[in-house]
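Contents: one structure, followed by commentary.
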Amino acid sequence: MTILALDIVTTALILFVVAAGLMVILGVMKLINFAHGAFLTVGGYTAMVVTDAGLSPWLAAPAALAFGFGAGLLIERVIVRPLYDRPLDAILATWGLGIVITQLITLGFGREVQFAASPMTGTLPLGDTEYSAWRLVVSGVALAVGAGLTALLYLTRFGLNARAVIMNEPLARGLGIDSGRVRATTFGLGAGLACAAGALITPLLSVDPNMGLPWLVNSFMLVLVSGVSIPSLMLASLLLGGAQVLVSSFVSPILGGMTIVVLAAALLRINPKGLSLG
Amino acid sequence: MVEPAPVARAARPAAERASGATARTPVRSAWRSALVGSALGLAAVAAGPFLLDTYTTNILIRALFLAALVVGVDILWGYAGVLTFGQSAFFGVGAYACALVFTHYGFGPGWAVGALALGVLGAAGVAALVGWLAFYHGASPLYASIITLALPIVLVQAIFAGGRFTGSSSGLSAFPTYYWSVGTWFTIAGVYLVAVTAAAWLFVRSDFGRLLVAIRENEERCAYLGVPVSGVKIALMAASGAVGAGAGFGYAAFTNVVAPELGGFLLGTELLIWTALGGRGTLIGPVLGTLGIDVTASYLTGALPFLWSLLIGIAFVAVIVLLPQGVAPVVASGARRLLGRGPAAPSPLALAPAPARAETREGVAAPLKVENLSRRYGSLKVLDGVSFEAQAGAILSIVGPNGAGKTTLMRCLSDGGERTGGRVHVNGVEIGRGAPQTVAALGVGRSFQNTNLFDTLTVGECLTLARYKRDGARKFARRLALDLPQPALDILSATGLSDRLGLETRHLSHGMKRGLELAMVLATEPDVLLLDEPTAGLTKAERTAIGGVLVDLARAHGLCTLLIEHDLDFVREISDRVVVLHQGELLMEGTVEEVVASDLVKAVYAGERAETAP
């Protein structure tokens with residue numbers, strides 16, 4: 001029972017940290033980044049490169065964050081900026097970008113499944129039971145990311161500008177906020193978060209060029225259900241992720257794989273605003 | 001009862017002039033190009049097996065079936081604006097219908113026909129279900145994409161869960177099938193593609209095809225004209241699902257192998273890539289794109305496996321960013337320049353007065369009855385306890401300061417989902433929670449404050465669209481003559497639109513757009529007419545003309561008209577009664593004289609506190 005509860009909570013937090021980058025980009029830019037899955041994959045390979053180079057595995061996620069941020073700035077300038085007025089086309093263009101990234105990775109690293117070293121192995125004692133140490137660490141990081149993003153949005157100048165752009169972009173520009181810069185930074189941040197999340201989940205899985213794809217679909221659904229707010233993304237992850245764990249454990253793992261998608265589609269049909277808390 | 005007014009006579013010669021001037025009409029041109037295209041296509045199909053080696057023929061059979069699937073994607077996305085990720089699922093349903101029946105139940109001509117019917121009907125049913133989920137009034141276009149994205153994922157998981165019955169992840173193979181020669185299969189696939197493409201070609205050039213473009217450009221406006229938008233999209237989805245399943249069935253029967261990937265999300269996105277590269281909304285572009293890319297891929301994946309996908313990915317991104325309409329329009333305009341021909345001339349349309357409706361409006365005393373209507377946004381009350389009746393044959397003006405709730409009132413009267421409390425009766429029928437097209441069917445016509453028309457449709461096409469509720473839309477042909485009610489014809493000739501039926505609406509002046517907007521609403525022959533500032537931004541002359549038509553509509557045709565106006569002189573000239581709204585409440589209702597004389601109304605317009613007034 002404790003194990004099941006831990007599974008639900010850690011799964012929800014892992015889903016949250018994986019979806020956070022997508023949410024940041026959708027929130028500020030009103031743009032669905034279908035390259036999110038490829039960014040996760042890039043994070044996974046960054047972790048592999050870092051550990052293969054003999055560096056500490058703890059450096060994997062920060063390195064992925066930095067790499068993703070830089071790459072995100074570049075991608076925003078070249079591909080995303082012309083598509084701000086065409087949201088459905090932006091989905092397609094970022095999907096195409098995802099294909100390009102995946103193929104570049106395949107060309108560079110091969111298509112076979114590989115592994116990255118984990119910073120922590122084994123289990124931690126937790127009350128009367130033992131639980132995977134790395135899942136607990138990732139969950140902690142997810143909570144920190146949630147808190148950090150909230151602080152960034154509500155306590156910093158960038159957050160104030162970003163919120164102004166979210167609410168009313170023309171007015172924000174009229175007030176002298178450089179919305180282009182806010183958007184670029186946001187895309188960089190979203191891409192960086194996605195890469196870091198990819199590096200974080202890598203020790204739980206293996207690395208292959210298509211590792212991001214299943215996560216992309218689930219993140220997309222969670223973000224749409226949650227609207228754009230950090231607490232409701234947390235809630236959506238907990239509800240739908242929890243349902244996924246329950247279905248996988250008690251019904252069938254195959255049905256578990258589509259729980260989030262089906263529930264999210266149904267939730268949005270019943271209430272187009274989803275679980276949005278604001 | 002309608003006398004042929006001079007305007008109608010003025011309208012006719014104009015239309016005749018137009019029809020005499022252009023010989024190359026899109027209607028005839030569509031049939032001719034479909035025949036020529038089909039003949040060329042069939043010739044290529046007949047010659048293919050003799051000219052191509054077996055390997056290429058084999059690959060082409062797959063590409064031909066996929067191209068038939070892509071036709072559905074292009075109609076949904078390119079014409080109707082529904083970005084669908086899930087078309088592959090229908091291909092998968094057709095393929096698995098073939099494999100499952102032949103593997104588990106039996107094989108023979110009867111079984112084959114049964115399996116094909118099962119696949120096609122099953123896919124149409126799934127598509128209709130998906131459409132019902134995805135398309136409802138107020139759904140965002142993104143939601144439809146989400147549902148179509150979920151569909152292949154669910155289908156593939158269902159195949160995985162099917163165990164030995166569906167073959168799980170390895171699929172089914174080596175089931176009995178017709179071991180015809182490759183040439184025969186090539187002919188079957190080729191004929192299927194030519195037939196599907198030709199039918200689609202005629203379909204998108206018909207009145208119904210223009211209706212799809214109208215839905216893409218302004219879905220809301222279509223709904224208010226009484227077009228059952230969701231129903232149209234669901235039917236379209238079901239039809240394209242059936243066509244896709246037919247292709248999937250053929251592919252499975254030919255290859256003798258099915259795998260979950262045939263119905264998967266990745267194939268669904270590939271279909272979009274081929275459509276985008278070929279040129280969405282051109283039909284031929286996506287078909288040729290599919291054939292070209294799929295065949296080249298089969299040759300190159302051996303030599304440069306990952307590089308080929310990389311190049312396609314780069315091309316896809318570049319086309320979406322730089323050339324959103326794809327390659328086909330570029331080729332087409334180049335070819336036209338070489339041949340020295342312009343694009344096809346717009347359809348000539350002859351206008352004629354429609355016979356007056358048999359039923360009289362005098363039967364219902366108050367065509368519009370509003371009881372205790374309210375609209376809240378959270379704790380904000382925009383309308384509160386508004387009750388009034390509007391009579392047949394009278395013009396009721398609604399006045400009030402900005403933010404009084406006038407436009408919200410119009411919305412609540414024309415869309416059953418808008419109000420939060422109260423009742424609205426149209427011709428004695430409660431509108432309930434009906435969507436705009438349902439309310440329009442009860443007899444409500446609404447014009448909008450901003451002139452939001454359909455940019456790429458011509459004036460004639462807009463009018464044809466507005467008659468959908470009365471005349472329907474032809475699915476494989478163009479209407480050459482259009483009967484419009486006399487008041488609509490009057491507006492068209494008064495604003496000079498009857499000479500410009502072939503002009504795209506984005507080229508119209510503001511006054512003409514207003515006139516067309518009004519003519520479209522009148523073309524639906526409403527009993528209750530809701531007009532939101534019909535004369536805003538018009539010249540004095542245009543204003544007088546429209547005022548004259550409105551008065552005539554009420555007096556001669558017994559129409560019940562509700563009008564939002566800011567120009568009080570105009571209100572005074574034409575209104576029978578006036579309703580004053582203030583802060584969401586009905587302040588007073590009375591004749592023009594009563595309202596103008598009221599101290600209360602003066603106080604509101606002068607900005608004093610209404611509460612202090614008696």
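Labeling convention for the structure tokens: chains A, B, ... as they appear, residues from 1 per chain, ligands from 1 in order of appearance.
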
* To do: Mind the document's chain letters and residue numbers, and return as number ranges by chain the residues of range 188-383 of chain B that DSSP labels helix (DSSP H, G or I).
  => B: 188-204, 207-217, 219-224, 229-255, 260-263, 265-278, 284-303, 305-322, 328-339

* To do: Show me which bits of chain A are within 9 Å of chain B, counting only C-alpha atoms, as an NGL selection string.
  => :A and (79-80 or 82-83 or 88-90 or 92-104 or 106-107 or 217 or 220-221 or 252 or 254-255 or 257-258 or 261-262 or 265-266 or 268-269 or 272)

* To do: Fewer than 3 positions away in the same chain doesn't count, so skip those; otherwise give me all residues within 9 Å of range 179-182 of chain A, counting only C-alpha atoms, as an NGL selection string.
  => :A and (28 or 81 or 158 or 161-162 or 165 or 169-170 or 172-173 or 176 or 185-187)

Selected residues, C-alpha atoms, written as an mmCIF file, in the first residue's frame, please.
```cif
data_model
loop_
_atom_site.group_PDB
_atom_site.id
_atom_site.type_symbol
_atom_site.label_atom_id
_atom_site.label_comp_id
_atom_site.auth_asym_id
_atom_site.auth_seq_id
_atom_site.Cartn_x
_atom_site.Cartn_y
_atom_site.Cartn_z
ATOM 1 C CA VAL A 28 3.674 32.658 -22.422
ATOM 2 C CA ARG A 81 9.376 33.437 -34.515
ATOM 3 C CA PHE A 158 11.130 38.628 -15.797
ATOM 4 C CA ASN A 161 6.998 40.916 -17.755
ATOM 5 C CA ALA A 162 6.071 37.364 -18.700
ATOM 6 C CA VAL A 165 2.681 39.267 -21.940
ATOM 7 C CA GLU A 169 0.552 41.247 -25.184
ATOM 8 C CA PRO A 170 -0.276 44.443 -27.133
ATOM 9 C CA ALA A 172 2.492 44.942 -22.471
ATOM 10 C CA ARG A 173 4.336 46.115 -25.574
ATOM 11 C CA GLY A 176 7.672 49.159 -23.165
ATOM 12 C CA THR A 185 13.813 33.740 -23.054
ATOM 13 C CA THR A 186 10.685 31.711 -22.417
ATOM 14 C CA PHE A 187 11.367 29.346 -25.279
#
```

* Tell me which protein, DNA and RNA residues are within 12 Å of Leu40 in chain A, counting only C-alpha atoms, leaving out same-chain ones fewer than 3 positions away, and put them as a ChimeraX atom specification. => /A:17-22,33-37,43-47,61,64-65,67-68,98,101-102,190-202,207-216,219

Keeping only C-alpha atoms, write the selected residues to a file as a PDB file, in the first residue's frame.
```pdb
ATOM      1  CA  VAL A  17       8.748  17.926 -14.208  1.00  0.00           C
ATOM      2  CA  VAL A  18       8.605  16.441 -17.719  1.00  0.00           C
ATOM      3  CA  ALA A  19       5.596  18.581 -18.680  1.00  0.00           C
ATOM      4  CA  ALA A  20       6.834  21.809 -17.040  1.00  0.00           C
ATOM      5  CA  GLY A  21       8.850  22.977 -20.051  1.00  0.00           C
ATOM      6  CA  LEU A  22       5.918  22.478 -22.393  1.00  0.00           C
ATOM      7  CA  ASN A  33       5.946  22.823 -28.831  1.00  0.00           C
ATOM      8  CA  PHE A  34       5.827  19.397 -30.444  1.00  0.00           C
ATOM      9  CA  ALA A  35       9.622  19.276 -30.372  1.00  0.00           C
ATOM     10  CA  HIS A  36       9.262  18.791 -26.612  1.00  0.00           C
ATOM     11  CA  GLY A  37       9.758  15.041 -26.948  1.00  0.00           C
ATOM     12  CA  GLY A  43      18.556  15.759 -22.413  1.00  0.00           C
ATOM     13  CA  GLY A  44      18.923  11.996 -22.205  1.00  0.00           C
ATOM     14  CA  TYR A  45      21.868  12.000 -24.598  1.00  0.00           C
ATOM     15  CA  THR A  46      23.428  14.964 -22.796  1.00  0.00           C
ATOM     16  CA  ALA A  47      23.375  12.861 -19.620  1.00  0.00           C
ATOM     17  CA  ALA A  61      20.833  17.736 -15.501  1.00  0.00           C
ATOM     18  CA  ALA A  64      21.289  19.623 -20.122  1.00  0.00           C
ATOM     19  CA  LEU A  65      19.552  22.735 -18.777  1.00  0.00           C
ATOM     20  CA  PHE A  67      22.526  23.247 -23.431  1.00  0.00           C
ATOM     21  CA  GLY A  68      18.758  23.293 -23.869  1.00  0.00           C
ATOM     22  CA  GLY A  98      11.535  17.087 -33.586  1.00  0.00           C
ATOM     23  CA  ILE A 101      16.615  16.467 -33.986  1.00  0.00           C
ATOM     24  CA  THR A 102      15.763  12.772 -33.723  1.00  0.00           C
ATOM     25  CA  GLY A 190      11.091  25.766 -21.760  1.00  0.00           C
ATOM     26  CA  ALA A 191      13.635  23.957 -23.904  1.00  0.00           C
ATOM     27  CA  GLY A 192      16.147  23.978 -21.052  1.00  0.00           C
ATOM     28  CA  LEU A 193      13.602  22.540 -18.628  1.00  0.00           C
ATOM     29  CA  ALA A 194      12.681  19.842 -21.145  1.00  0.00           C
ATOM     30  CA  CYS A 195      16.323  18.848 -21.638  1.00  0.00           C
ATOM     31  CA  ALA A 196      16.961  18.823 -17.898  1.00  0.00           C
ATOM     32  CA  ALA A 197      13.873  16.658 -17.386  1.00  0.00           C
ATOM     33  CA  GLY A 198      15.173  14.301 -20.059  1.00  0.00           C
ATOM     34  CA  ALA A 199      18.464  14.017 -18.184  1.00  0.00           C
ATOM     35  CA  LEU A 200      16.607  13.417 -14.911  1.00  0.00           C
ATOM     36  CA  ILE A 201      14.455  10.561 -16.194  1.00  0.00           C
ATOM     37  CA  THR A 202      17.287   8.888 -18.086  1.00  0.00           C
ATOM     38  CA  VAL A 207      18.427   6.178 -23.937  1.00  0.00           C
ATOM     39  CA  ASP A 208      17.286   5.818 -27.521  1.00  0.00           C
ATOM     40  CA  PRO A 209      16.463   8.333 -30.265  1.00  0.00           C
ATOM     41  CA  ASN A 210      12.696   7.991 -29.777  1.00  0.00           C
ATOM     42  CA  MET A 211      12.658   7.976 -25.972  1.00  0.00           C
ATOM     43  CA  GLY A 212      10.852  11.323 -25.797  1.00  0.00           C
ATOM     44  CA  LEU A 213       7.826  10.407 -27.902  1.00  0.00           C
ATOM     45  CA  PRO A 214       5.573   8.713 -25.324  1.00  0.00           C
ATOM     46  CA  TRP A 215       6.371  11.482 -22.861  1.00  0.00           C
ATOM     47  CA  LEU A 216       5.466  14.131 -25.405  1.00  0.00           C
ATOM     48  CA  SER A 219       2.838  15.972 -21.328  1.00  0.00           C
TER      49      SER A 219
END
```

Long-range neighbours of Val439 in chain B as a tab-separated table (two decimals) with N, CA, C and O atoms, in the first residue's frame, 12 Å cut-off, only C-alpha atoms, 2 positions minimum in chain:
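Produced file out02.tsv, reproduced below:
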```tsv
chain	number	residue	atom	x	y	z
B	223	ALA	N	-22.42	29.18	-38.50
B	223	ALA	CA	-23.42	28.67	-37.57
B	223	ALA	C	-24.59	29.64	-37.47
B	223	ALA	O	-25.75	29.23	-37.47
B	224	TYR	N	-24.30	30.94	-37.43
B	224	TYR	CA	-25.38	31.92	-37.30
B	224	TYR	C	-26.21	32.03	-38.58
B	224	TYR	O	-27.31	32.55	-38.57
B	225	LEU	N	-25.66	31.55	-39.70
B	225	LEU	CA	-26.45	31.51	-40.93
B	225	LEU	C	-27.27	30.23	-41.02
B	225	LEU	O	-27.93	29.97	-42.01
B	226	GLY	N	-27.20	29.41	-39.98
B	226	GLY	CA	-28.02	28.21	-39.95
B	226	GLY	C	-27.34	26.99	-40.54
B	226	GLY	O	-27.98	25.98	-40.76
B	227	VAL	N	-26.02	27.05	-40.77
B	227	VAL	CA	-25.30	25.88	-41.28
B	227	VAL	C	-24.95	24.98	-40.10
B	227	VAL	O	-24.32	25.45	-39.14
B	228	PRO	N	-25.35	23.72	-40.11
B	228	PRO	CA	-25.00	22.83	-38.99
B	228	PRO	C	-23.52	22.44	-39.08
B	228	PRO	O	-23.18	21.37	-39.57
B	368	LEU	N	-40.86	37.09	-30.86
B	368	LEU	CA	-39.76	37.01	-29.90
B	368	LEU	C	-40.28	37.42	-28.53
B	368	LEU	O	-40.85	38.49	-28.36
B	411	ARG	N	-26.40	38.27	-28.29
B	411	ARG	CA	-25.78	36.94	-28.20
B	411	ARG	C	-26.71	35.96	-27.51
B	411	ARG	O	-26.87	34.82	-27.94
B	412	CYS	N	-27.33	36.39	-26.41
B	412	CYS	CA	-28.20	35.50	-25.66
B	412	CYS	C	-29.44	35.13	-26.47
B	412	CYS	O	-30.03	34.06	-26.25
B	413	LEU	N	-29.86	36.02	-27.36
B	413	LEU	CA	-31.05	35.73	-28.15
B	413	LEU	C	-30.74	34.78	-29.30
B	413	LEU	O	-31.62	34.08	-29.79
B	414	SER	N	-29.47	34.76	-29.76
B	414	SER	CA	-29.17	33.97	-30.95
B	414	SER	C	-28.39	32.70	-30.64
B	414	SER	O	-28.16	31.89	-31.52
B	415	ASP	N	-27.96	32.51	-29.39
B	415	ASP	CA	-27.21	31.30	-29.02
B	415	ASP	C	-27.74	30.83	-27.66
B	415	ASP	O	-27.57	31.51	-26.66
B	416	GLY	N	-28.38	29.66	-27.66
B	416	GLY	CA	-29.00	29.17	-26.44
B	416	GLY	C	-28.02	28.89	-25.32
B	416	GLY	O	-28.41	28.85	-24.15
B	417	GLY	N	-26.74	28.68	-25.66
B	417	GLY	CA	-25.76	28.37	-24.63
B	417	GLY	C	-25.26	29.58	-23.87
B	417	GLY	O	-24.48	29.45	-22.93
B	418	GLU	N	-25.67	30.77	-24.27
B	418	GLU	CA	-25.06	31.98	-23.71
B	418	GLU	C	-25.66	32.42	-22.38
B	418	GLU	O	-24.94	32.82	-21.47
B	424	VAL	N	-36.10	32.33	-23.54
B	424	VAL	CA	-36.28	33.05	-24.78
B	424	VAL	C	-37.19	32.21	-25.67
B	424	VAL	O	-36.93	31.02	-25.87
B	425	HIS	N	-38.28	32.79	-26.14
B	425	HIS	CA	-39.18	32.08	-27.05
B	425	HIS	C	-39.08	32.70	-28.43
B	425	HIS	O	-39.20	33.91	-28.56
B	426	VAL	N	-38.88	31.87	-29.44
B	426	VAL	CA	-38.89	32.34	-30.82
B	426	VAL	C	-40.07	31.67	-31.51
B	426	VAL	O	-40.14	30.43	-31.53
B	427	ASN	N	-40.97	32.44	-32.05
B	427	ASN	CA	-42.19	31.91	-32.67
B	427	ASN	C	-42.89	30.92	-31.75
B	427	ASN	O	-43.38	29.88	-32.17
B	429	VAL	N	-41.55	28.98	-29.54
B	429	VAL	CA	-40.75	27.81	-29.15
B	429	VAL	C	-39.61	28.27	-28.25
B	429	VAL	O	-38.89	29.22	-28.59
B	430	GLU	N	-39.44	27.60	-27.11
B	430	GLU	CA	-38.32	27.92	-26.21
B	430	GLU	C	-37.01	27.51	-26.89
B	430	GLU	O	-36.92	26.40	-27.40
B	431	ILE	N	-35.99	28.37	-26.92
B	431	ILE	CA	-34.75	28.00	-27.63
B	431	ILE	C	-33.90	27.05	-26.82
B	431	ILE	O	-33.00	26.42	-27.36
B	432	GLY	N	-34.17	26.88	-25.53
B	432	GLY	CA	-33.43	25.94	-24.71
B	432	GLY	C	-31.94	26.26	-24.72
B	432	GLY	O	-31.55	27.42	-24.64
B	433	ARG	N	-31.11	25.19	-24.86
B	433	ARG	CA	-29.65	25.39	-24.91
B	433	ARG	C	-29.14	25.25	-26.34
B	433	ARG	O	-28.00	24.87	-26.58
B	434	GLY	N	-30.03	25.52	-27.30
B	434	GLY	CA	-29.67	25.29	-28.70
B	434	GLY	C	-28.48	26.11	-29.15
B	434	GLY	O	-28.31	27.26	-28.77
B	435	ALA	N	-27.65	25.50	-30.00
B	435	ALA	CA	-26.52	26.19	-30.61
B	435	ALA	C	-27.06	27.19	-31.64
B	435	ALA	O	-28.22	27.11	-32.02
B	436	PRO	N	-26.21	28.13	-32.12
B	436	PRO	CA	-26.69	29.16	-33.05
B	436	PRO	C	-27.44	28.59	-34.25
B	436	PRO	O	-28.44	29.16	-34.66
B	437	GLN	N	-26.95	27.45	-34.81
B	437	GLN	CA	-27.66	26.96	-35.99
B	437	GLN	C	-29.06	26.47	-35.65
B	437	GLN	O	-29.98	26.57	-36.46
B	441	ALA	N	-32.47	27.99	-37.12
B	441	ALA	CA	-33.51	27.18	-37.74
B	441	ALA	C	-34.90	27.56	-37.24
B	441	ALA	O	-35.89	27.38	-37.94
B	442	LEU	N	-34.98	28.10	-36.02
B	442	LEU	CA	-36.27	28.54	-35.49
B	442	LEU	C	-36.72	29.85	-36.13
B	442	LEU	O	-37.87	30.25	-35.96
B	443	GLY	N	-35.80	30.52	-36.82
B	443	GLY	CA	-36.21	31.73	-37.53
B	443	GLY	C	-35.51	33.00	-37.09
B	443	GLY	O	-35.99	34.09	-37.35
B	444	VAL	N	-34.35	32.87	-36.43
B	444	VAL	CA	-33.62	34.06	-36.01
B	444	VAL	C	-32.46	34.31	-36.97
B	444	VAL	O	-31.71	33.39	-37.31
B	445	GLY	N	-32.34	35.54	-37.44
B	445	GLY	CA	-31.19	35.92	-38.28
B	445	GLY	C	-30.44	37.02	-37.57
B	445	GLY	O	-31.05	37.95	-37.06
B	446	ARG	N	-29.11	36.91	-37.53
B	446	ARG	CA	-28.34	37.90	-36.77
B	446	ARG	C	-27.23	38.47	-37.62
B	446	ARG	O	-26.49	37.74	-38.29
B	469	LYS	N	-29.75	27.04	-45.53
B	469	LYS	CA	-30.87	26.61	-44.70
B	469	LYS	C	-32.10	26.30	-45.57
B	469	LYS	O	-32.88	25.42	-45.26
B	526	PRO	N	-35.41	35.14	-42.24
B	526	PRO	CA	-35.70	35.02	-40.80
B	526	PRO	C	-37.07	35.61	-40.48
B	526	PRO	O	-37.62	36.40	-41.23
B	527	ASP	N	-37.63	35.19	-39.34
B	527	ASP	CA	-38.83	35.83	-38.82
B	527	ASP	C	-38.44	36.93	-37.84
B	527	ASP	O	-39.15	37.90	-37.67
B	528	VAL	N	-37.32	36.68	-37.15
B	528	VAL	CA	-36.82	37.66	-36.19
B	528	VAL	C	-35.44	38.09	-36.67
B	528	VAL	O	-34.56	37.26	-36.88
B	529	LEU	N	-35.26	39.38	-36.84
B	529	LEU	CA	-34.00	39.88	-37.38
B	529	LEU	C	-33.27	40.63	-36.27
B	529	LEU	O	-33.82	41.57	-35.69
```

* Asked: If you measure from CA of Leu275 in chain A to CA of Glu76 in chain A, what distance in Å do you get, rounded to one decimal?
  -> 29.2 Å

Range 519-609 of chain B: which residues are strand (DSSP E or B) by DSSP, as a short mmCIF file (atom, residue, chain, number, x, y, z; two decimals) with C-alpha atoms, in the first residue's frame?
```cif
data_model
loop_
_atom_site.label_atom_id
_atom_site.label_comp_id
_atom_site.auth_asym_id
_atom_site.auth_seq_id
_atom_site.Cartn_x
_atom_site.Cartn_y
_atom_site.Cartn_z
CA VAL B 528 -36.82 37.66 -36.19
CA LEU B 529 -34.00 39.88 -37.38
CA LEU B 530 -31.27 40.88 -34.92
CA LEU B 531 -29.12 43.71 -36.21
CA ASP B 532 -26.09 44.95 -34.30
CA CYS B 560 -39.86 41.42 -36.38
CA THR B 561 -36.69 43.50 -36.17
CA LEU B 562 -34.43 44.18 -33.22
CA LEU B 563 -31.88 46.87 -33.78
CA ILE B 564 -28.93 48.08 -31.74
CA ARG B 577 -40.70 51.01 -29.95
CA VAL B 578 -37.50 51.49 -27.98
CA VAL B 579 -35.94 49.48 -25.16
CA VAL B 580 -33.41 51.24 -22.96
CA LEU B 581 -30.78 49.10 -21.29
CA HIS B 582 -28.61 50.42 -18.50
CA GLU B 585 -31.14 46.05 -16.61
CA LEU B 586 -34.14 47.08 -18.65
CA LEU B 587 -34.56 50.72 -17.70
CA MET B 588 -37.66 51.43 -19.74
CA GLU B 589 -39.62 50.33 -22.76
CA GLY B 590 -41.97 52.50 -24.73
CA THR B 591 -42.66 54.40 -27.90
#
```

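Picture a line from CA of Gly48 in chain B to CA of Gly278 in chain B; it runs 22.1 Å.
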
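CA of Ala350 in chain B lies 23.4 Å from CA of Ala545 in chain B.
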
* Asked: Quick one: residues within 10 Å of Arg210 in chain B, only C-alpha atoms counted, chain neighbours fewer than 2 positions away excluded, as an MDAnalysis selection string?
  -> chainID B and resid 79:80 203:208 212:216 456:458 461:462 464:465 473 475 478

* To do: May I have the residues within 8 Å of Met29 in chain A as a list in words, using only C-alpha atoms and disregarding those fewer than 6 positions away in the same chain?
  => Tyr84, Ile166, Arg183 and Thr186 of chain A
